[in-house]
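Taking it in order: structure first as structure tokens, then the write-up.
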Amino acid sequence: MVQDPAEERKHRSPSYREVTDLGEIEADAYIVATGSSPKRLPIEGSDRAIEAIDYLLDRKKVGNRVVIIGGGLTGCEIAYDLKRKGKEPIIVERLNDLITTPNLCLANSSFLRDYFKANDVPVYLETSCKQIADDHVVIIDKENNETEIPCDSVIVSIGYDPKPLAKKDKNIYLVGDADKVGNLRSAIWGAWKIAMEI
Ligand SMILES: Cc1cc2nc3c(=O)[nH]c(=O)nc-3n(C[C@H](O)[C@H](O)[C@H](O)COP(=O)(O)OP(=O)(O)OC[C@H]3O[C@@H](n4cnc5c(N)ncnc54)[C@H](O)[C@@H]3O)c2cc1C
């Protein structure tokens, strides 16, 4: 999972140390597995939004009516969680379907789609968020129609970018999300491949 090393790890483990430069440590080979960081939404008011990971780690609280920007697996699981807590999630997704993550178990994605339909969770497909204000967001559909949605909070869940501490080199290997954002399986398999290579 993505974490802010400075914020999260220091108080969890006294031995945690943030590496800022590989030169700090002498070694024959370096495996960089520094994970990923959330993509930023380049729109007006984006600083008002809460990152998905901050909601999931309970670092930030949300109000009752919550717009979730990004209907991938994480965004949909957050919407499901909010609905089960009695809140009013609203999903805004720029593609024409929810949860387009490849190789995902169909039972999971179908369940979430059906759950949103059965429980009247509003889902706006082929729609982007244009602006985030204090008490509403402005969304825009593929025909350029703009709609204002009143809300108390906004959660952004639009994916992650690799955050490698160093570039690949002769003795520098990138593993997991630091190389390519994936999942636990891709991180573990990638690590095994590199371990065999070294
Ligand atoms: C919300 C969310 C839900 C997910 N759910 C699933 C799921 O259900 N199933 C699944 O398979 N995958 C899931 N994933 C993906 C999975 O969590 C990642 O693919 C996996 O954790 C990547 O492992 P990693 O070791 O590459 O990076 P990370 O797990 O991100 O670990 C990177 C580590 O490096 C540390 N670090 C970073 N910079 C430094 C530094 N400069 N110095 C020292 N330490 C540093 C960080 O503190 C962190 O501990 C999810 C991801 C997210 C964001």
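Following the order of the structure tokens, first chain is A, next is B, and so on, with residues numbered from 1 inside each chain and ligands from 1 in the order they appear.
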Inset, instruction - Dump the neighbourhood of ligand 1 as number ranges by chain: all residues within 8 Å, distances computed on only C-alpha atoms and all ligand atoms. - result: A: 1-6, 8-9, 16-21, 33-36, 38, 52-53, 56, 74, 159-160, 163-165, 175-179, 181-188
Convert the current residue selection to file output with N, CA and C atoms, as a short mmCIF file (atom, residue, chain, number, x, y, z; two decimals), in the first residue's frame.
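As written to disk, again01.cif reads:
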```cif
data_model
loop_
_atom_site.label_atom_id
_atom_site.label_comp_id
_atom_site.auth_asym_id
_atom_site.auth_seq_id
_atom_site.Cartn_x
_atom_site.Cartn_y
_atom_site.Cartn_z
N MET A 1 0.84 -1.19 0.00
CA MET A 1 0.00 0.00 0.00
C MET A 1 0.88 1.25 0.00
N VAL A 2 0.33 2.28 -0.58
CA VAL A 2 1.06 3.54 -0.63
C VAL A 2 1.05 4.18 0.75
N GLN A 3 2.19 4.62 1.19
CA GLN A 3 2.25 5.29 2.48
C GLN A 3 3.19 6.46 2.36
N ASP A 4 2.98 7.43 3.21
CA ASP A 4 3.94 8.51 3.27
C ASP A 4 4.96 8.09 4.32
N PRO A 5 6.17 7.75 3.89
CA PRO A 5 7.13 7.20 4.84
C PRO A 5 7.36 8.12 6.03
N ALA A 6 7.50 9.39 5.76
CA ALA A 6 7.79 10.31 6.85
C ALA A 6 6.65 10.31 7.88
N GLU A 8 3.96 8.06 8.19
CA GLU A 8 3.43 6.79 8.70
C GLU A 8 4.44 5.96 9.48
N ARG A 9 5.62 5.80 8.90
CA ARG A 9 6.51 4.77 9.40
C ARG A 9 7.29 5.16 10.63
N TYR A 16 12.61 2.67 11.61
CA TYR A 16 12.36 3.11 10.23
C TYR A 16 13.28 4.27 9.89
N ARG A 17 13.82 4.17 8.71
CA ARG A 17 14.69 5.26 8.26
C ARG A 17 14.35 5.60 6.83
N GLU A 18 14.14 6.87 6.55
CA GLU A 18 13.85 7.28 5.18
C GLU A 18 15.17 7.48 4.44
N VAL A 19 15.32 6.78 3.33
CA VAL A 19 16.53 6.93 2.52
C VAL A 19 16.25 8.01 1.49
N THR A 20 17.13 8.97 1.39
CA THR A 20 16.90 10.03 0.41
C THR A 20 17.85 9.93 -0.78
N ASP A 21 18.92 9.14 -0.60
CA ASP A 21 19.91 8.99 -1.66
C ASP A 21 20.57 7.62 -1.48
N ALA A 33 12.40 -0.48 -3.82
CA ALA A 33 10.99 -0.91 -3.73
C ALA A 33 10.21 0.15 -2.96
N THR A 34 10.30 1.38 -3.44
CA THR A 34 9.74 2.52 -2.70
C THR A 34 8.27 2.80 -3.04
N GLY A 35 7.66 1.93 -3.84
CA GLY A 35 6.22 2.05 -4.05
C GLY A 35 5.79 3.17 -4.99
N SER A 36 4.60 3.66 -4.74
CA SER A 36 3.98 4.63 -5.65
C SER A 36 3.41 5.81 -4.88
N PRO A 38 0.03 8.80 -5.09
CA PRO A 38 -1.26 9.03 -5.77
C PRO A 38 -1.13 10.06 -6.90
N ALA A 52 -7.70 8.92 -1.64
CA ALA A 52 -8.32 7.66 -1.26
C ALA A 52 -7.58 7.02 -0.08
N ILE A 53 -6.28 7.04 -0.15
CA ILE A 53 -5.48 6.36 0.87
C ILE A 53 -5.64 7.03 2.24
N LEU A 56 -8.85 5.65 3.53
CA LEU A 56 -8.73 4.24 3.91
C LEU A 56 -7.93 4.05 5.19
N THR A 74 -10.57 0.71 -6.25
CA THR A 74 -10.43 1.41 -4.96
C THR A 74 -11.60 2.37 -4.74
N GLY A 159 -5.82 6.61 -9.24
CA GLY A 159 -4.66 5.77 -9.53
C GLY A 159 -3.36 6.31 -8.96
N TYR A 160 -2.30 5.60 -9.29
CA TYR A 160 -0.99 5.85 -8.66
C TYR A 160 0.11 5.87 -9.70
N LYS A 163 7.00 5.60 -7.79
CA LYS A 163 7.79 6.61 -7.07
C LYS A 163 9.17 6.02 -6.75
N PRO A 164 9.96 5.74 -7.79
CA PRO A 164 11.27 5.12 -7.51
C PRO A 164 12.24 6.12 -6.89
N LEU A 165 12.98 5.66 -5.90
CA LEU A 165 13.96 6.56 -5.27
C LEU A 165 15.15 6.82 -6.21
N VAL A 175 11.68 -2.67 -8.12
CA VAL A 175 10.75 -3.77 -7.82
C VAL A 175 9.37 -3.20 -7.48
N GLY A 176 8.34 -3.95 -7.83
CA GLY A 176 6.97 -3.62 -7.41
C GLY A 176 6.47 -2.33 -8.01
N ASP A 177 5.66 -1.60 -7.23
CA ASP A 177 5.03 -0.39 -7.74
C ASP A 177 6.05 0.68 -8.12
N ALA A 178 7.23 0.64 -7.52
CA ALA A 178 8.26 1.63 -7.87
C ALA A 178 8.66 1.47 -9.33
N ASP A 179 8.48 0.25 -9.86
CA ASP A 179 8.80 0.00 -11.27
C ASP A 179 7.56 0.21 -12.12
N VAL A 181 3.17 0.25 -11.46
CA VAL A 181 2.10 0.07 -10.46
C VAL A 181 1.29 -1.18 -10.79
N GLY A 182 1.17 -2.06 -9.82
CA GLY A 182 0.47 -3.32 -10.05
C GLY A 182 -0.26 -3.76 -8.80
N ASN A 183 0.00 -4.99 -8.40
CA ASN A 183 -0.65 -5.50 -7.19
C ASN A 183 0.36 -6.36 -6.42
N LEU A 184 -0.12 -7.02 -5.37
CA LEU A 184 0.80 -7.79 -4.54
C LEU A 184 1.47 -8.90 -5.36
N ARG A 185 0.70 -9.51 -6.26
CA ARG A 185 1.26 -10.60 -7.06
C ARG A 185 2.38 -10.08 -7.96
N SER A 186 2.14 -8.96 -8.66
CA SER A 186 3.18 -8.47 -9.56
C SER A 186 4.42 -8.04 -8.77
N ALA A 187 4.21 -7.48 -7.57
CA ALA A 187 5.36 -7.07 -6.75
C ALA A 187 6.17 -8.29 -6.31
N ILE A 188 5.47 -9.33 -5.88
CA ILE A 188 6.16 -10.53 -5.36
C ILE A 188 6.86 -11.28 -6.51
#
```
Inset, instruction - Name all residues at most 10 Å from stretch 126-142 of chain A (count only C-alpha atoms; drop same-chain ones fewer than 2 positions away) and give them as a ChimeraX atom specification. - result: /A:41-49,65-70,91-97,123-124,144-154
Inset, instruction - Go ahead and compute the interatomic distance for atom CA of A:Leu106 and atom CA of A:Arg84, in Å to one decimal. - result: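 A separation of 21.3 Å between them.
Proximity to A:Lys83 at 9 Å, evaluated using only C-alpha atoms and with sequence-adjacent residues fewer than 5 positions away removed, yields Ile78, Glu88, Pro89, Asn119 and Val121 of chain A.
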May I have the selected residues written with C-alpha atoms, as a compact mmCIF listing (two decimals), in the first residue's frame?
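Full text of result.txt as output:
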```txt
# COMPACT_ATOMS: atom_id res chain seq x y z
CA ILE A 78 -14.74 3.16 -0.90
CA GLU A 88 -24.39 8.95 0.42
CA PRO A 89 -21.59 8.18 -2.05
CA ASN A 119 -28.93 0.62 -3.60
CA VAL A 121 -25.82 4.90 -5.60
```
Legend entry - All strand (DSSP E) positions in stretch 51-136 of chain A, as a list in words: Glu51, Arg65, Val66, Val67, Ile68, Ile69, Glu88, Pro89, Ile90, Ile91, Val92, Val123, Tyr124, Thr127, Ser128, Cys129, Lys130, Gln131, Ile132 and His136 of chain A
Inset, instruction - Could you tell me which of A:Gly63, A:Ile90, A:Tyr80, A:Gly72 comes closest to A:Asp114 if we count only C-alpha atoms? - result: A:Tyr80
Inset, instruction - Please identify all polymer residues within 9 Å of A:Ile194, counting only C-alpha atoms, omitting same-chain residues fewer than 3 positions from it, and present them as number ranges by chain. - result: A: 31, 173-175, 189-191, 197-198
Inset, instruction - Enumerate, as a ChimeraX atom specification, the complete set of residues in stretch 48-176 of chain A that a backbone-based DSSP assignment places in helix (DSSP H, G or I). - result: /A:48,52-56,73-84,106-118,176
With C-alpha atoms retained, write the just-selected residues as an mmCIF file, in the first residue's frame.
```
data_model
loop_
_atom_site.group_PDB
_atom_site.id
_atom_site.type_symbol
_atom_site.label_atom_id
_atom_site.label_comp_id
_atom_site.auth_asym_id
_atom_site.auth_seq_id
_atom_site.Cartn_x
_atom_site.Cartn_y
_atom_site.Cartn_z
ATOM 1 C CA ARG A 48 -10.001 20.397 -1.079
ATOM 2 C CA ALA A 52 -8.324 7.656 -1.265
ATOM 3 C CA ILE A 53 -5.475 6.365 0.866
ATOM 4 C CA ASP A 54 -6.065 9.042 3.527
ATOM 5 C CA TYR A 55 -9.677 7.927 3.804
ATOM 6 C CA LEU A 56 -8.732 4.236 3.908
ATOM 7 C CA LEU A 73 -11.656 -0.829 -7.782
ATOM 8 C CA THR A 74 -10.434 1.405 -4.959
ATOM 9 C CA GLY A 75 -13.005 4.148 -5.636
ATOM 10 C CA CYS A 76 -15.827 1.594 -5.850
ATOM 11 C CA GLU A 77 -14.767 -0.194 -2.690
ATOM 12 C CA ILE A 78 -14.736 3.159 -0.905
ATOM 13 C CA ALA A 79 -18.244 3.929 -2.241
ATOM 14 C CA TYR A 80 -19.416 0.514 -1.008
ATOM 15 C CA ASP A 81 -17.866 1.124 2.412
ATOM 16 C CA LEU A 82 -19.481 4.571 2.661
ATOM 17 C CA LYS A 83 -22.904 3.272 1.662
ATOM 18 C CA ARG A 84 -22.704 0.517 4.255
ATOM 19 C CA LEU A 106 -15.633 -10.893 -12.298
ATOM 20 C CA ALA A 107 -17.677 -11.822 -9.238
ATOM 21 C CA ASN A 108 -16.181 -8.852 -7.341
ATOM 22 C CA SER A 109 -16.702 -6.217 -10.034
ATOM 23 C CA SER A 110 -20.187 -7.500 -10.978
ATOM 24 C CA PHE A 111 -21.209 -7.492 -7.339
ATOM 25 C CA LEU A 112 -20.172 -3.861 -6.900
ATOM 26 C CA ARG A 113 -21.956 -2.716 -10.097
ATOM 27 C CA ASP A 114 -25.136 -4.537 -9.044
ATOM 28 C CA TYR A 115 -24.860 -3.243 -5.481
ATOM 29 C CA PHE A 116 -24.728 0.369 -6.682
ATOM 30 C CA LYS A 117 -27.773 -0.180 -8.914
ATOM 31 C CA ALA A 118 -29.762 -1.977 -6.232
ATOM 32 C CA GLY A 176 6.970 -3.623 -7.409
#
```
